[in-house]
$ cat input_21.txt   # compact mmCIF, C-alpha atoms and all ligand atoms
# COMPACT_ATOMS: atom_id res chain seq x y z
CA MET A 1 -12.14 -1.31 -17.24
CA ARG A 2 -8.68 -0.60 -18.61
CA TYR A 3 -5.28 0.84 -17.84
CA ARG A 4 -4.39 4.38 -18.78
CA CYS A 5 -0.88 5.82 -18.82
CA SER A 6 -0.50 8.50 -16.14
CA VAL A 7 1.92 10.41 -18.37
CA CYS A 8 0.70 10.26 -22.00
CA GLY A 9 -2.84 8.95 -21.55
CA GLN A 10 -2.48 5.92 -23.83
CA GLU A 11 -4.95 3.13 -22.96
CA TYR A 12 -4.24 -0.58 -22.58
CA PRO A 13 -6.63 -3.51 -22.03
CA LEU A 14 -6.57 -5.39 -18.71
CA GLU A 15 -5.14 -8.43 -20.54
CA THR A 16 -1.93 -6.64 -21.50
CA ARG A 17 1.38 -8.19 -20.41
CA GLN A 18 2.99 -4.76 -20.38
CA TRP A 19 3.50 -3.48 -16.87
CA GLN A 20 4.17 0.11 -17.80
CA CYS A 21 3.43 2.32 -20.80
CA GLU A 22 5.70 2.31 -23.84
CA CYS A 23 6.62 5.87 -22.83
CA GLY A 24 7.77 4.58 -19.41
CA GLY A 25 4.76 6.09 -17.64
CA LEU A 26 3.01 4.39 -14.75
CA PHE A 27 -0.40 2.81 -15.43
CA GLU A 28 -3.51 4.02 -13.67
CA PHE A 29 -6.66 1.93 -13.49
CA GLU A 30 -9.95 3.21 -14.86
CA SER A 31 -12.83 1.29 -13.35
CA GLY A 32 -15.60 3.61 -14.48
CA ILE A 33 -17.61 2.64 -11.38
CA GLN A 34 -18.67 5.28 -8.86
CA PHE A 35 -18.78 4.64 -5.12
CA SER A 36 -22.23 4.56 -3.63
CA ASP A 37 -23.47 3.71 -0.18
CA GLU A 38 -26.04 1.20 -1.47
CA VAL A 39 -23.55 -1.19 -3.00
CA VAL A 40 -21.71 -1.86 0.28
CA GLN A 41 -22.59 -5.39 1.47
CA ARG A 42 -22.52 -4.61 5.17
CA GLY A 43 -22.93 -8.25 6.20
CA VAL A 44 -19.63 -9.29 4.62
CA PRO A 45 -16.85 -8.96 7.26
CA THR A 46 -13.99 -8.52 4.76
CA LEU A 47 -12.99 -5.93 2.17
CA TRP A 48 -15.09 -7.92 -0.32
CA ARG A 49 -18.06 -6.01 1.13
CA TYR A 50 -17.00 -3.53 -1.62
CA ARG A 51 -17.17 -6.28 -4.25
CA ALA A 52 -19.31 -4.14 -6.58
CA LEU A 53 -16.48 -1.57 -6.68
CA LEU A 54 -13.70 -4.10 -7.33
CA PRO A 55 -12.70 -5.30 -10.82
CA VAL A 56 -13.62 -9.02 -10.57
CA HIS A 57 -16.59 -10.38 -12.54
CA GLU A 58 -17.20 -13.94 -11.38
CA ASP A 59 -17.57 -14.87 -7.69
CA ARG A 60 -15.61 -18.07 -8.26
CA ASN A 61 -12.53 -16.02 -9.16
CA VAL A 62 -12.42 -14.15 -5.86
CA VAL A 63 -9.29 -15.30 -4.03
CA SER A 64 -9.90 -14.42 -0.40
CA LEU A 65 -8.39 -15.28 2.96
CA GLY A 66 -10.77 -13.08 4.95
CA GLU A 67 -8.72 -9.87 4.58
CA GLY A 68 -9.74 -6.32 5.42
CA PHE A 69 -12.23 -4.79 7.80
CA THR A 70 -9.43 -4.47 10.33
CA PRO A 71 -10.12 -3.00 13.78
CA LEU A 72 -9.83 0.72 14.45
CA VAL A 73 -8.39 1.02 17.97
CA ARG A 74 -8.88 4.31 19.80
CA SER A 75 -5.87 5.46 21.74
CA GLU A 76 -3.82 8.35 23.05
CA ILE A 77 -0.14 8.83 22.28
CA TYR A 78 2.28 11.78 22.46
CA GLY A 79 -0.62 14.03 23.44
CA HIS A 80 -2.78 13.15 20.44
CA GLU A 81 -6.04 11.23 20.36
CA VAL A 82 -5.65 8.74 17.51
CA TRP A 83 -7.31 5.76 15.93
CA PHE A 84 -4.92 2.94 15.01
CA LYS A 85 -6.01 0.95 11.96
CA SER A 86 -4.69 -2.54 12.70
CA GLU A 87 -3.49 -3.58 9.27
CA PHE A 88 -0.96 -5.94 10.83
CA LEU A 89 -3.87 -8.33 11.47
CA GLY A 90 -4.13 -9.21 7.78
CA PRO A 91 -3.95 -12.93 6.92
CA THR A 92 -0.23 -12.67 6.13
CA GLY A 93 0.54 -9.98 8.70
CA SER A 94 0.46 -6.75 6.69
CA PHE A 95 -1.78 -4.40 4.69
CA LYS A 96 -0.34 -5.90 1.50
CA ASP A 97 -3.17 -8.47 1.64
CA ARG A 98 -5.58 -5.76 0.49
CA GLY A 99 -3.69 -5.33 -2.75
CA ALA A 100 -2.85 -9.00 -3.22
CA THR A 101 -6.42 -10.29 -2.86
CA VAL A 102 -7.65 -7.99 -5.65
CA LEU A 103 -4.64 -8.35 -7.95
CA ILE A 104 -4.49 -12.16 -7.72
CA SER A 105 -8.27 -12.48 -8.14
CA VAL A 106 -8.09 -10.53 -11.41
CA LEU A 107 -5.12 -12.63 -12.58
CA LYS A 108 -7.06 -15.80 -11.81
CA GLU A 109 -9.95 -14.44 -13.86
CA LEU A 110 -7.54 -13.72 -16.74
CA GLY A 111 -6.25 -17.31 -16.59
CA ILE A 112 -2.67 -16.40 -15.60
CA SER A 113 -0.72 -19.46 -14.39
CA THR A 114 2.71 -18.05 -13.45
CA VAL A 115 3.69 -14.71 -11.97
CA VAL A 116 6.92 -13.02 -11.01
CA GLU A 117 7.29 -10.37 -8.30
CA ASP A 118 10.06 -8.63 -6.39
CA SER A 119 9.81 -7.47 -2.80
CA SER A 120 11.82 -7.27 0.38
CA GLY A 121 9.26 -9.19 2.37
CA ASN A 122 5.65 -8.41 3.11
CA ALA A 123 4.43 -7.89 -0.45
CA ALA A 124 6.10 -11.11 -1.55
CA ALA A 125 4.64 -13.04 1.40
CA SER A 126 1.20 -11.77 0.53
CA ILE A 127 1.47 -12.46 -3.21
CA ALA A 128 2.83 -15.94 -2.37
CA ALA A 129 -0.08 -16.71 -0.06
CA TYR A 130 -2.78 -15.59 -2.49
CA CYS A 131 -1.06 -17.40 -5.38
CA ALA A 132 -1.01 -20.57 -3.28
CA ARG A 133 -4.72 -20.13 -2.67
CA ALA A 134 -5.38 -19.47 -6.39
CA GLY A 135 -3.17 -22.28 -7.69
CA ILE A 136 -0.85 -19.84 -9.45
CA HIS A 137 2.91 -20.42 -9.51
CA ALA A 138 4.84 -17.49 -7.98
CA ARG A 139 8.52 -16.80 -8.60
CA ILE A 140 9.80 -14.15 -6.22
CA PHE A 141 13.02 -12.16 -6.45
CA VAL A 142 14.19 -11.01 -3.03
CA PRO A 143 17.24 -9.19 -1.70
CA ALA A 144 19.57 -11.85 -0.25
CA HIS A 145 19.64 -9.89 3.06
CA ALA A 146 15.83 -9.74 3.63
CA SER A 147 14.49 -10.65 7.09
CA PRO A 148 14.79 -14.45 7.64
CA ALA A 149 11.28 -14.72 9.09
CA LYS A 150 9.82 -13.11 5.96
CA LEU A 151 11.85 -15.38 3.67
CA ALA A 152 10.64 -18.45 5.57
CA GLN A 153 7.05 -17.24 5.26
CA ILE A 154 7.35 -16.71 1.49
CA ALA A 155 8.89 -20.18 1.08
CA ILE A 156 6.32 -22.08 3.10
CA TYR A 157 3.51 -20.84 0.83
CA GLY A 158 5.33 -22.73 -1.92
CA ALA A 159 6.68 -19.76 -3.86
CA GLU A 160 9.95 -20.14 -5.72
CA LEU A 161 12.46 -17.83 -3.99
CA VAL A 162 15.27 -16.29 -6.00
CA PRO A 163 17.72 -14.40 -3.75
CA ILE A 164 19.52 -11.50 -5.47
CA GLU A 165 22.70 -9.94 -4.09
CA GLY A 166 23.12 -6.19 -3.79
CA PRO A 167 20.59 -3.41 -3.13
CA ARG A 168 16.79 -3.85 -3.29
CA GLU A 169 16.73 -2.38 -6.83
CA ASN A 170 18.60 -5.40 -8.19
CA SER A 171 15.66 -7.71 -7.43
CA ALA A 172 13.35 -5.41 -9.37
CA VAL A 173 15.65 -5.53 -12.39
CA ALA A 174 15.79 -9.36 -12.17
CA ALA A 175 11.99 -9.62 -11.92
CA GLN A 176 11.52 -7.31 -14.90
CA GLU A 177 13.83 -9.49 -16.98
CA ALA A 178 11.87 -12.59 -15.93
CA ALA A 179 8.66 -10.75 -16.81
CA ARG A 180 9.38 -11.36 -20.49
CA ASP A 181 8.08 -14.92 -19.98
CA ALA A 182 5.71 -14.55 -17.04
CA TYR A 183 3.16 -12.06 -15.74
CA TYR A 184 4.74 -9.33 -13.59
CA ALA A 185 2.45 -9.18 -10.55
CA SER A 186 4.13 -6.06 -9.22
CA HIS A 187 2.70 -4.35 -6.16
CA ASN A 188 4.53 -1.21 -7.31
CA TYR A 189 3.62 -1.01 -10.98
CA ASN A 190 0.28 -2.79 -11.19
CA PRO A 191 -2.57 -0.37 -10.36
CA LEU A 192 -4.87 -3.28 -9.47
CA PHE A 193 -2.90 -3.52 -6.24
CA VAL A 194 -4.02 0.00 -5.35
CA GLU A 195 -7.62 -0.94 -6.28
CA GLY A 196 -7.33 -3.22 -3.24
CA THR A 197 -5.68 -0.75 -0.89
CA LYS A 198 -8.34 1.92 -1.55
CA THR A 199 -10.68 -0.13 0.66
CA PHE A 200 -8.57 1.10 3.62
CA ALA A 201 -10.28 4.50 3.20
CA TYR A 202 -13.77 3.07 2.67
CA GLU A 203 -13.49 1.10 5.91
CA ILE A 204 -12.30 4.09 7.95
CA TRP A 205 -15.27 6.09 6.66
CA GLU A 206 -17.68 3.28 7.64
CA GLN A 207 -16.05 2.74 11.03
CA LEU A 208 -15.90 6.42 12.05
CA GLY A 209 -19.13 7.39 10.34
CA CYS A 210 -17.21 10.23 8.65
CA ALA A 211 -13.80 11.03 7.21
CA PRO A 212 -11.00 11.72 9.70
CA ASP A 213 -9.18 15.06 9.61
CA ASN A 214 -5.75 13.46 9.25
CA VAL A 215 -4.28 10.16 8.09
CA VAL A 216 -0.66 9.26 8.88
CA LEU A 217 1.07 6.43 7.00
CA PRO A 218 4.58 5.10 6.36
CA VAL A 219 5.54 5.52 2.70
CA GLY A 220 7.99 3.48 0.65
CA ASN A 221 6.51 3.27 -2.82
CA GLY A 222 3.16 4.61 -1.70
CA SER A 223 0.72 1.75 -2.43
CA LEU A 224 -1.24 2.22 0.80
CA PHE A 225 -0.86 5.99 0.66
CA MET A 226 -2.25 6.14 -2.88
CA GLY A 227 -5.01 3.68 -1.96
CA ALA A 228 -6.02 5.97 0.91
CA TYR A 229 -5.98 8.99 -1.40
CA ILE A 230 -8.05 7.31 -4.12
CA GLY A 231 -10.50 5.82 -1.63
CA PHE A 232 -11.22 9.11 0.11
CA LYS A 233 -11.44 10.84 -3.26
CA ASP A 234 -14.09 8.31 -4.34
CA LEU A 235 -16.06 9.13 -1.17
CA ALA A 236 -15.74 12.86 -1.78
CA GLU A 237 -16.85 12.51 -5.41
CA ALA A 238 -19.86 10.49 -4.26
CA GLY A 239 -20.76 13.38 -1.92
CA LEU A 240 -20.36 11.17 1.18
CA ILE A 241 -17.62 13.26 2.81
CA ASP A 242 -17.22 17.04 2.73
CA ASN A 243 -13.45 17.29 2.98
CA MET A 244 -10.48 15.14 2.07
CA PRO A 245 -8.39 14.21 5.12
CA ARG A 246 -4.89 15.71 5.19
CA LEU A 247 -2.51 12.92 4.20
CA PHE A 248 0.82 12.69 6.01
CA GLY A 249 3.45 10.36 4.57
CA VAL A 250 6.41 9.32 6.68
CA GLN A 251 9.80 7.94 5.66
CA ALA A 252 12.93 6.87 7.52
CA LYS A 253 15.63 9.57 7.40
CA ALA A 254 18.15 7.01 6.16
CA CYS A 255 16.09 6.51 3.00
CA ALA A 256 13.74 9.41 2.34
CA PRO A 257 13.62 10.25 -1.38
CA ILE A 258 9.99 11.43 -1.38
CA TYR A 259 10.43 13.48 1.80
CA GLU A 260 13.52 15.13 0.31
CA ALA A 261 11.64 15.99 -2.88
CA PHE A 262 8.82 17.46 -0.78
CA VAL A 263 11.29 19.66 1.12
CA ARG A 264 12.85 20.84 -2.15
CA GLY A 265 9.41 21.47 -3.63
CA ASP A 266 10.10 19.10 -6.53
CA GLU A 267 7.42 17.32 -8.56
CA ASP A 268 9.09 13.93 -8.43
CA ALA A 269 11.53 12.06 -6.19
CA ARG A 270 15.13 11.53 -7.19
CA PRO A 271 16.87 8.24 -6.33
CA VAL A 272 18.95 8.49 -3.14
CA GLU A 273 22.00 6.73 -1.74
CA SER A 274 20.34 5.13 1.26
CA GLY A 275 21.79 4.34 4.67
CA LYS A 276 20.87 1.57 7.09
CA THR A 277 17.37 1.52 8.56
CA ALA A 278 15.29 -0.83 10.68
CA ALA A 279 12.31 0.18 8.52
CA GLU A 280 13.01 -2.41 5.82
CA GLY A 281 9.46 -2.25 4.39
CA ILE A 282 10.05 1.34 3.24
CA HIS A 283 13.72 1.01 2.33
CA ILE A 284 12.97 2.16 -1.23
CA ALA A 285 15.71 4.38 -2.65
CA ARG A 286 14.11 4.71 -6.10
CA PRO A 287 10.33 5.02 -5.57
CA VAL A 288 8.08 4.29 -8.51
CA ARG A 289 5.14 6.41 -7.32
CA GLY A 290 7.02 9.52 -6.12
CA ARG A 291 5.21 11.91 -8.44
CA VAL A 292 1.67 10.78 -7.59
CA VAL A 293 2.41 10.64 -3.85
CA LEU A 294 3.73 14.21 -3.90
CA ARG A 295 0.67 15.33 -5.86
CA ALA A 296 -1.67 13.66 -3.32
CA VAL A 297 0.20 15.32 -0.44
CA GLY A 298 -0.16 18.70 -2.12
CA GLN A 299 -3.83 18.26 -2.99
CA THR A 300 -4.78 17.32 0.58
CA ASP A 301 -2.64 20.02 2.22
CA GLY A 302 -0.61 17.22 3.80
CA LYS A 303 3.11 16.81 4.42
CA MET A 304 5.95 14.38 4.04
CA LEU A 305 7.99 13.78 7.20
CA ALA A 306 11.11 11.83 8.09
CA VAL A 307 12.13 10.25 11.39
CA ASP A 308 15.42 8.81 12.62
CA GLU A 309 16.30 5.33 13.83
CA ALA A 310 16.13 6.18 17.56
CA GLU A 311 12.62 7.64 17.10
CA ILE A 312 11.52 4.54 15.18
CA ARG A 313 12.73 2.13 17.90
CA SER A 314 11.26 4.13 20.76
CA SER A 315 7.89 4.45 19.03
CA GLN A 316 7.84 0.70 18.35
CA SER A 317 8.34 0.17 22.07
CA ASP A 318 5.83 2.87 23.12
CA LEU A 319 3.22 1.23 20.92
CA ALA A 320 3.97 -2.20 22.40
CA GLN A 321 3.32 -0.66 25.85
CA GLN A 322 -0.23 -0.21 24.58
CA GLY A 323 -0.45 -3.85 23.49
CA LEU A 324 0.22 -3.23 19.80
CA PHE A 325 3.26 -5.07 18.39
CA VAL A 326 4.26 -3.78 14.96
CA GLU A 327 7.40 -3.89 12.87
CA PRO A 328 9.79 -0.91 12.85
CA THR A 329 8.48 0.11 9.39
CA SER A 330 5.03 0.72 10.89
CA ALA A 331 6.41 2.50 13.98
CA VAL A 332 7.71 5.18 11.60
CA ALA A 333 4.19 6.62 11.28
CA VAL A 334 3.71 6.68 15.04
CA ALA A 335 7.08 8.37 15.54
CA ALA A 336 5.95 11.16 13.22
CA LEU A 337 3.14 12.09 15.64
CA GLN A 338 5.76 13.69 17.89
CA ARG A 339 6.78 15.94 15.03
CA LEU A 340 3.16 16.85 14.28
CA ALA A 341 2.51 18.48 17.68
CA ALA A 342 1.99 21.92 16.16
CA VAL A 343 0.11 20.60 13.12
CA LEU A 344 -2.64 18.34 14.45
CA GLU A 345 -5.22 20.32 16.35
CA PRO A 346 -6.96 19.16 19.54
CA GLY A 347 -10.33 17.61 18.84
CA GLN A 348 -9.34 16.51 15.35
CA MET A 349 -9.66 12.90 14.29
CA THR A 350 -6.38 11.30 13.28
CA VAL A 351 -6.01 7.78 11.88
CA VAL A 352 -2.61 6.08 11.88
CA GLY A 353 -2.11 2.93 9.79
CA LEU A 354 -0.31 0.15 11.66
CA THR A 355 0.89 -1.59 8.53
CA GLY A 356 2.80 -4.73 9.54
CA SER A 357 3.18 -7.26 12.36
CA GLY A 358 6.13 -7.19 14.75
CA LEU A 359 6.21 -11.00 14.76
CA LYS A 360 8.23 -11.35 11.56
CA SER A 361 10.71 -8.51 11.86
CA ASP A 362 14.18 -8.33 13.39
C1 LIG B 1 5.14 -2.34 2.15
C2 LIG B 1 5.05 -1.78 3.51
C3 LIG B 1 4.95 -0.40 3.75
C4 LIG B 1 5.04 0.63 2.67
O1 LIG B 1 4.18 0.45 1.61
P1 LIG B 1 4.43 1.19 0.23
O2 LIG B 1 3.41 0.74 -0.67
O3 LIG B 1 5.81 0.80 -0.23
O4 LIG B 1 4.41 2.65 0.54
C5 LIG B 1 4.76 0.04 5.05
N1 LIG B 1 4.70 -0.83 6.07
C6 LIG B 1 4.82 -2.14 5.90
C7 LIG B 1 4.77 -3.05 7.06
C8 LIG B 1 5.01 -2.67 4.61
O5 LIG B 1 5.11 -4.00 4.44
ZN ZN B 2 2.55 6.69 -21.71

$ encode --input "input_21.txt" --output "structure tokens" --more "lines below"
Ligand SMILES: *Cc1c(COP(=O)(O)O)cnc(C)c1O
Ligand SMILES: [Zn+2]
Amino acid sequence: MRYRCSVCGQEYPLETRQWQCECGGLFEFESGIQFSDEVVQRGVPTLWRYRALLPVHEDRNVVSLGEGFTPLVRSEIYGHEVWFKSEFLGPTGSFKDRGATVLISVLKELGISTVVEDSSGNAAASIAAYCARAGIHARIFVPAHASPAKLAQIAIYGAELVPIEGPRENSAVAAQEAARDAYYASHNYNPLFVEGTKTFAYEIWEQLGCAPDNVVLPVGNGSLFMGAYIGFKDLAEAGLIDNMPRLFGVQAKACAPIYEAFVRGDEDARPVESGKTAAEGIHIARPVRGRVVLRAVGQTDGKMLAVDEAEIRSSQSDLAQQGLFVEPTSAVAVAALQRLAAVLEPGQMTVVGLTGSGLKSD
């Protein structure tokens, strides 16, 4: 198990304190373990049923709050039959718990005592919760204007909150400076986070008994999107599914760097000047994983889409009419279904990730 630079191929041990390659390239994780049906512990009702495929050695280092194995709710919306994957039921209210449980477990195993992270809300809340559980001190850099409910949640777990004025990017810069003295537990840079989110795909395969035809997800930096891609790819390589699902990534028009790159046909996203959006969880003007997300979209014959603020609000409400209360960030993926009328075919199976709870958003 080691990190490998996605650009130059240089390898780094898991113990490294570097959070990106010397060349500036993003790390990928090489587990060297292949998915197989036999290793799934079907009696374990959490994502730790895939324990054999996750990079933690000792059971005592597993930091778990019962995350994963979220319900798949069958529904009909905007003329499509869909399955909603209820990620908002995670222990801290978002899918980020999948990444945090794996990342923090590995850090506990490595004996890390202090971490820094930057996030506008859900990732920080999740890292804070799992650090509390692990006995690790968390120092979190947040935009001063983040949602008050999310800030209160991060604080009550006992994390040290450091509000940073200005755009979201400023908190990342502050965290990276602090990372000279503490471990940077970044949900954007650390590929162990995506080792956790790949279980999203494994679960869908178990729950449907096959791979769906389409998966629709909101995309900011792409940690769930890349987890879904890697997870389904593992299943395909193990011969358990015949085809990769088409992956559809959705952004808010006000901040859509990856969508814009997709439309231009570019290989990577360029930073954008973003406007205001209710979708704060994907308000990422300078995405770290643009290149790999665009590659995954291309390789699965998927698409990037963008929706406007009115569409986001009405989809949030339409979803609530079905008993599902999510934050505007998650409603973005549902809103995109209206734009996919000519793309999704009748009789196809489509899974939509409902990524975060409506209870802590404005
Ligand atoms: C973080 C988040 C996203 C986007 O995840 P990325 O990894 O940035 O693509 C989507 N929805 C919710 C609720 C989130 O918290
Ligand atoms: Zn490199």

$ closest_atom_pairs --input "input_21.txt" --of "chain A" --to "ligand LIG 1 (chain B)" --cutoff "6 Å" --atoms "only C-alpha atoms and all ligand atoms" --output "tab-separated table"
residue	atom	partner	partner_atom	distance
A:Ser94	CA	B:LIG1	C7	5.7
A:Asn122	CA	B:LIG1	O5	4.6
A:Pro218	CA	B:LIG1	C5	5.2
A:Val219	CA	B:LIG1	O4	3.8
A:Gly220	CA	B:LIG1	O3	3.6
A:Asn221	CA	B:LIG1	O3	3.6
A:Gly222	CA	B:LIG1	O4	3.2
A:Ser223	CA	B:LIG1	O2	3.4
A:Leu224	CA	B:LIG1	O2	5.1
A:Gly281	CA	B:LIG1	C8	4.5
A:Ile282	CA	B:LIG1	C4	5.1
A:Thr329	CA	B:LIG1	N1	5.1
A:Ser330	CA	B:LIG1	N1	5.1
A:Thr355	CA	B:LIG1	C7	4.4
A:Gly356	CA	B:LIG1	C7	3.6

$ atom_distance --input "input_21.txt" --atom1 "atom CA of A:Ser126" --atom2 "atom CA of A:Asp97"
5.6 Å

$ atom_distance --input "input_21.txt" --atom1 "atom CA of A:Thr199" --atom2 "atom CA of A:Asn61"
18.8 Å

$ residues_near_ligand --input "input_21.txt" --ligand "ligand ZN 2 (chain B)" --cutoff "9 Å" --atoms "only C-alpha atoms and all ligand atoms" --output "PyMOL selection string"
chain A and resi 4-11+20-27

$ atom_distance --input "input_21.txt" --atom1 "atom CA of A:Gln299" --atom2 "atom CA of A:Pro245"
10.1 Å

$ residues_around --input "input_21.txt" --residues "A:Glu58" --least-positions-apart "5" --cutoff "10 Å" --atoms "all atoms listed in the file" --output "PyMOL selection string"
chain A and resi 105-106+109

$ residues_around --input "input_21.txt" --residues "A:Pro328" --least-positions-apart "4" --cutoff "9 Å" --atoms "only C-alpha atoms" --output "ChimeraX atom specification"
/A:278-281,312-313,315-316,332,356,358,361-362

$ closest_residue --input "input_21.txt" --among "A:Leu337, A:Ala175, A:Pro212, A:Lys360" --to "A:Ile77" --atoms "all atoms listed in the file"
A:Leu337

$ residues_around --input "input_21.txt" --residues "A:Leu65" --least-positions-apart "2" --cutoff "10 Å" --atoms "only C-alpha atoms" --output "count of residues only"
13

$ residues_around --input "input_21.txt" --residues "A:Gly298" --least-positions-apart "6" --cutoff "12 Å" --atoms "all atoms listed in the file" --output "PyMOL selection string"
chain A and resi 229+244-249+262-263+265-267+291-292+304
